[in-house]
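start-v7.tsv, holding TSV, C-alpha atoms:
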```tsv
chain	number	residue	atom	x	y	z
K	1	MET	CA	26.24	-80.19	-90.24
K	2	ILE	CA	25.73	-81.16	-86.59
K	3	ALA	CA	23.13	-79.14	-84.71
K	4	LEU	CA	23.97	-78.70	-81.03
K	5	ILE	CA	20.67	-77.72	-79.41
K	6	ASP	CA	20.93	-74.32	-77.70
K	7	TYR	CA	18.44	-74.06	-74.86
K	8	GLY	CA	20.75	-72.82	-72.12
K	9	ALA	CA	22.13	-76.21	-71.05
K	10	GLY	CA	25.21	-75.94	-68.86
K	11	ASN	CA	27.32	-78.42	-70.84
K	12	SER	CA	26.80	-77.01	-74.35
K	13	ALA	CA	30.23	-75.37	-74.44
K	14	SER	CA	32.08	-78.48	-73.26
K	15	VAL	CA	30.25	-80.68	-75.81
K	16	GLY	CA	31.14	-78.13	-78.48
K	17	ASN	CA	34.79	-78.17	-77.40
K	18	ALA	CA	34.85	-81.98	-77.66
K	19	LEU	CA	33.38	-81.84	-81.17
K	20	GLU	CA	36.02	-79.27	-82.16
K	21	GLU	CA	38.74	-81.50	-80.73
K	22	LEU	CA	37.44	-84.32	-82.93
K	23	GLY	CA	37.45	-82.00	-85.96
K	24	TYR	CA	33.68	-81.83	-86.54
K	25	GLU	CA	31.79	-78.75	-87.63
K	26	PHE	CA	28.69	-77.94	-85.65
K	27	GLU	CA	26.34	-75.08	-84.94
K	28	LEU	CA	24.95	-74.18	-81.52
K	29	THR	CA	21.39	-73.28	-82.45
K	30	ALA	CA	17.77	-73.05	-81.35
K	31	ASN	CA	16.64	-72.35	-84.91
K	32	GLU	CA	14.02	-74.92	-85.92
K	33	SER	CA	14.90	-74.80	-89.63
K	34	LYS	CA	18.61	-75.31	-88.99
K	35	ILE	CA	17.92	-78.21	-86.65
K	36	LEU	CA	15.61	-79.84	-89.19
K	37	ALA	CA	18.27	-79.40	-91.91
K	38	ALA	CA	21.09	-80.86	-89.80
K	39	GLU	CA	22.53	-84.29	-90.52
K	40	LYS	CA	22.90	-85.07	-86.79
K	41	ILE	CA	21.45	-83.54	-83.62
K	42	ILE	CA	23.10	-83.44	-80.20
K	43	PHE	CA	20.82	-82.61	-77.29
K	44	PRO	CA	22.97	-81.66	-74.27
K	45	GLY	CA	21.72	-81.05	-70.77
K	46	VAL	CA	22.66	-79.99	-67.29
K	47	GLY	CA	19.97	-78.55	-65.08
K	48	GLU	CA	16.46	-79.23	-63.84
K	49	ALA	CA	13.95	-81.26	-65.86
K	50	SER	CA	10.78	-79.15	-65.55
K	51	SER	CA	12.50	-75.84	-66.34
K	52	ALA	CA	14.39	-77.45	-69.25
K	53	MET	CA	11.12	-78.77	-70.71
K	54	ALA	CA	9.51	-75.34	-70.27
K	55	THR	CA	12.39	-73.77	-72.20
K	56	LEU	CA	12.14	-76.35	-74.99
K	57	GLN	CA	8.41	-75.68	-75.29
K	58	ARG	CA	8.92	-71.91	-75.31
K	59	LEU	CA	11.45	-72.30	-78.13
K	60	ASN	CA	9.11	-74.69	-80.02
K	61	LEU	CA	11.81	-77.35	-79.90
K	62	SER	CA	9.99	-80.12	-78.01
K	63	SER	CA	7.96	-81.10	-81.08
K	64	VAL	CA	11.07	-80.93	-83.29
K	65	LEU	CA	12.90	-83.31	-80.95
K	66	ARG	CA	9.91	-85.66	-80.73
K	67	MET	CA	9.37	-85.88	-84.49
K	68	THR	CA	12.84	-85.76	-86.03
K	69	ASN	CA	14.07	-88.74	-88.04
K	70	LYS	CA	17.69	-87.55	-87.85
K	71	PRO	CA	20.16	-89.34	-85.57
K	72	THR	CA	19.79	-87.60	-82.21
K	73	LEU	CA	22.05	-87.99	-79.17
K	74	GLY	CA	20.83	-86.92	-75.72
K	75	VAL	CA	23.54	-86.26	-73.12
K	76	CYS	CA	22.86	-86.41	-69.35
K	77	LEU	CA	19.65	-84.38	-68.82
K	78	GLY	CA	19.19	-84.55	-72.61
K	79	MET	CA	18.86	-88.33	-72.30
K	80	GLN	CA	16.56	-88.06	-69.29
K	81	LEU	CA	14.24	-85.72	-71.18
K	82	MET	CA	13.75	-88.43	-73.82
K	83	ALA	CA	11.75	-90.43	-71.25
K	84	GLU	CA	8.04	-90.00	-70.54
K	85	ARG	CA	8.33	-88.22	-67.20
K	86	SER	CA	10.70	-87.07	-64.49
K	87	GLU	CA	10.12	-86.87	-60.76
K	88	GLU	CA	12.24	-83.73	-60.90
K	89	GLY	CA	9.63	-80.96	-60.93
K	90	ASP	CA	6.99	-83.58	-61.83
K	91	ALA	CA	7.84	-82.93	-65.48
K	92	ALA	CA	6.20	-84.41	-68.55
K	93	CYS	CA	9.09	-85.11	-70.91
K	94	LEU	CA	9.42	-85.92	-74.63
K	95	GLY	CA	8.14	-89.50	-74.41
K	96	VAL	CA	10.58	-90.94	-76.95
K	97	VAL	CA	11.30	-93.92	-74.67
K	98	PRO	CA	9.14	-95.38	-71.88
K	99	GLY	CA	9.91	-94.75	-68.24
K	100	GLU	CA	10.16	-92.13	-65.53
K	101	ASN	CA	13.32	-90.63	-64.10
K	102	VAL	CA	13.50	-91.01	-60.33
K	103	ALA	CA	15.74	-89.59	-57.61
K	104	PHE	CA	18.58	-91.50	-56.01
K	105	ASP	CA	17.75	-92.38	-52.42
K	106	PRO	CA	19.85	-89.96	-50.30
K	107	ASN	CA	19.66	-92.43	-47.41
K	108	ALA	CA	21.35	-95.10	-49.53
K	109	VAL	CA	23.94	-93.17	-51.58
K	110	ASN	CA	25.52	-89.74	-51.70
K	111	THR	CA	23.75	-87.45	-54.12
K	112	PRO	CA	24.45	-86.31	-56.69
K	113	HIS	CA	26.21	-89.29	-58.25
K	114	MET	CA	29.35	-87.51	-59.36
K	115	GLY	CA	32.62	-88.81	-60.76
K	116	TRP	CA	33.96	-91.76	-62.73
K	117	SER	CA	31.99	-95.02	-62.65
K	118	GLU	CA	32.41	-98.33	-64.42
K	119	THR	CA	29.73	-98.83	-67.05
K	120	GLU	CA	28.68	-102.05	-68.75
K	121	LEU	CA	27.94	-101.57	-72.47
K	122	THR	CA	25.32	-104.30	-72.86
K	123	ASP	CA	24.14	-103.73	-76.47
K	124	ARG	CA	27.15	-104.81	-78.48
K	125	ASP	CA	25.34	-104.11	-81.77
K	126	ASN	CA	24.91	-100.45	-80.88
K	127	PRO	CA	26.96	-98.32	-83.30
K	128	LEU	CA	27.53	-95.88	-80.44
K	129	PHE	CA	29.75	-98.54	-78.81
K	130	ARG	CA	31.71	-99.53	-81.91
K	131	ASP	CA	35.24	-100.66	-80.89
K	132	ALA	CA	34.52	-99.82	-77.24
K	133	PRO	CA	35.29	-102.32	-74.47
K	134	GLU	CA	32.45	-104.17	-72.74
K	135	ARG	CA	33.18	-102.20	-69.60
K	136	ALA	CA	34.50	-98.65	-69.51
K	137	PHE	CA	34.73	-95.78	-67.06
K	138	PHE	CA	32.72	-92.64	-67.80
K	139	TYR	CA	32.12	-89.41	-65.91
K	140	TYR	CA	28.71	-88.87	-64.29
K	141	ALA	CA	27.01	-85.90	-62.58
K	142	HIS	CA	23.31	-86.47	-61.80
K	143	SER	CA	20.77	-86.77	-59.00
K	144	TYR	CA	18.03	-88.50	-61.02
K	145	TYR	CA	18.21	-91.64	-63.13
K	146	LEU	CA	16.18	-93.71	-65.55
K	147	PRO	CA	15.60	-97.26	-64.24
K	148	VAL	CA	16.79	-100.13	-66.42
K	149	GLY	CA	14.17	-100.92	-69.07
K	150	GLU	CA	13.56	-102.29	-72.54
K	151	ARG	CA	15.50	-99.47	-74.23
K	152	THR	CA	18.54	-99.68	-71.96
K	153	THR	CA	21.78	-100.30	-73.89
K	154	ALA	CA	24.28	-99.76	-71.07
K	155	ARG	CA	24.01	-99.84	-67.32
K	156	CYS	CA	25.86	-98.53	-64.32
K	157	ASP	CA	25.47	-99.33	-60.62
K	158	TYR	CA	25.08	-96.72	-57.90
K	159	GLY	CA	23.06	-98.10	-55.02
K	160	GLY	CA	21.55	-100.41	-57.64
K	161	PRO	CA	21.56	-100.63	-61.44
K	162	PHE	CA	20.41	-97.70	-63.57
K	163	THR	CA	20.29	-96.86	-67.26
K	164	ALA	CA	23.56	-95.44	-68.56
K	165	SER	CA	22.51	-95.42	-72.22
K	166	ILE	CA	19.35	-95.81	-74.29
K	167	ARG	CA	18.52	-96.44	-77.92
K	168	LYS	CA	15.31	-96.35	-79.91
K	169	ASP	CA	15.29	-96.05	-83.70
K	170	ASN	CA	17.24	-92.84	-84.51
K	171	TYR	CA	17.43	-91.78	-80.84
K	172	TYR	CA	20.47	-92.43	-78.68
K	173	GLY	CA	21.14	-91.24	-75.16
K	174	VAL	CA	23.89	-91.39	-72.56
K	175	GLN	CA	23.52	-90.49	-68.89
K	176	PHE	CA	27.26	-89.90	-68.55
K	177	HIS	CA	29.17	-86.96	-69.99
K	178	PRO	CA	31.17	-88.22	-72.99
K	179	GLU	CA	32.70	-84.74	-73.37
K	180	LYS	CA	34.30	-85.15	-69.92
K	181	SER	CA	35.12	-88.87	-70.16
K	182	GLY	CA	38.51	-88.86	-71.84
K	183	ARG	CA	39.35	-91.16	-74.73
K	184	GLU	CA	36.36	-93.48	-74.33
K	185	GLY	CA	33.96	-90.55	-74.13
K	186	LEU	CA	35.38	-89.03	-77.31
K	187	ARG	CA	35.00	-92.45	-78.95
K	188	ILE	CA	31.25	-92.33	-78.15
K	189	LEU	CA	30.90	-88.88	-79.74
K	190	LYS	CA	32.95	-89.92	-82.78
K	191	ASN	CA	30.89	-93.09	-83.22
K	192	PHE	CA	27.68	-91.08	-83.06
K	193	VAL	CA	28.86	-88.72	-85.79
K	194	GLU	CA	30.45	-91.39	-87.98
K	195	PHE	CA	28.21	-94.45	-87.60
K	196	CYS	CA	24.77	-93.57	-86.18
```

What is this structure when it is put down as structure tokens?
Amino acid sequence: MIALIDYGAGNSASVGNALEELGYEFELTANESKILAAEKIIFPGVGEASSAMATLQRLNLSSVLRMTNKPTLGVCLGMQLMAERSEEGDAACLGVVPGENVAFDPNAVNTPHMGWSETELTDRDNPLFRDAPERAFFYYAHSYYLPVGERTTARCDYGGPFTASIRKDNYYGVQFHPEKSGREGLRILKNFVEFC
């Protein structure tokens, strides 16, 4: 069973619809036992970092997400919350990967970064990118980003390069919305379920 973390994220329904389209069973849940028993975990996210972390802590899910050994996919804010900190609300995050999310410079680019952008999939051994092209277009909607670092597995450019995907051990993350990214986005979700 796939556990889709239920903490009020705005994109939970669209991620669920994409999983249904692919034919996968999942449960939208905030139940710690069900999450721990799941084969895979998807951690969606649309919203503000500090309030999202406060909700995860209130639901006792932050420790579950930090400690799980199950394959876990963070989407958009879900990926950002895997970092150590976020400038957004000066939030302490999960600390799964190093780094701090920072705001796009509104004097340099329009914010939020919204729409389709070409993305370079740099880690060709990443099972998330199995059979995907080296460059693909994905749909983005975000005002903060994780700078490119040692755990970056894909990058995009918007006023400069930023992390489009991360990987560490059983943790995977994508800044873009695979559930809104057409065929290539569905491929990412399918690869997570089938190969990660």

Axis-aligned box over every listed atom of region 50-57 of chain K, padded by 8 Å per side: centre and edges in Å to one decimal, as lines of an AutoDock Vina configuration file?
```
center_x = 11.4
center_y = -76.5
center_z = -70.4
size_x = 22.0
size_y = 21.4
size_z = 25.7
```

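Proximity ranking of K:Gly45, K:Leu189, K:Ile166, K:Arg130 relative to Gly23 (chain K) places K:Leu189 first, based on all atoms listed in the file.
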
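Distances from K:Asp123, K:Ser143, K:Pro71, K:Ile5 to Val102 (chain K) were compared using all atoms listed in the file, and the smallest one belongs to K:Ser143.
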
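Considering only C-alpha atoms, the residue among K:Val15, K:Ala91, K:Met53, K:Ile41 positioned nearest to Thr72 (chain K) is K:Ile41.
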
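From CA of Glu87 (chain K) back to CA of Glu150 (chain K), the distance works out to 19.7 Å.
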
| query | Glu48 (chain K): which residues within 9 Å, counting only C-alpha atoms, same-chain residues fewer than 3 positions away excluded, as a VMD selection string? | reply | chain K and resid 45 51 to 53 77 88 to 89

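Nearest residue to Lys168 (chain K), choosing from K:Ala136, K:Leu36, K:Ile188, K:Val96 and counting all atoms listed in the file: K:Val96.
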
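Among the candidate residues K:Asn69, K:Ala154, K:Gly16, K:His113, the one lying nearest to Asp125 (chain K) is K:Ala154, with distances computed using only C-alpha atoms.
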
| task | Find, counting all atoms listed in the file, the residue in K:Leu28, K:Ala13, K:Ala38, K:Val75 that gets nearest to Val174 (chain K). | result | K:Val75

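With CA of Asp90 (chain K) on one side and CA of Ser181 (chain K) on the other, the separation reads 29.8 Å.
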
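Going from CA of His142 (chain K) to CA of Gly115 (chain K) covers 9.7 Å.
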
| request: Using only C-alpha atoms, determine which residues lie at most 10 Å from Arg85 (chain K), disregarding the query and same-chain residues fewer than 2 positions distant; provide the list as an MDAnalysis selection string. | output: chainID K and resid 49:50 80:83 87:95 97:102 146

| task | Could you give me, as number ranges by chain, the residues that sit within 12 Å of (24.7, -103.4, -57.6) in the file's coordinates, counting all atoms listed in the file? | result | K: 109, 118-120, 155-162

| message | Could you list, as a ChimeraX atom specification, every residue within 8 Å of Ile42 (chain K), counting all atoms listed in the file and ignoring same-chain residues fewer than 2 positions away? | response | /K:2-5,40,44,72-75
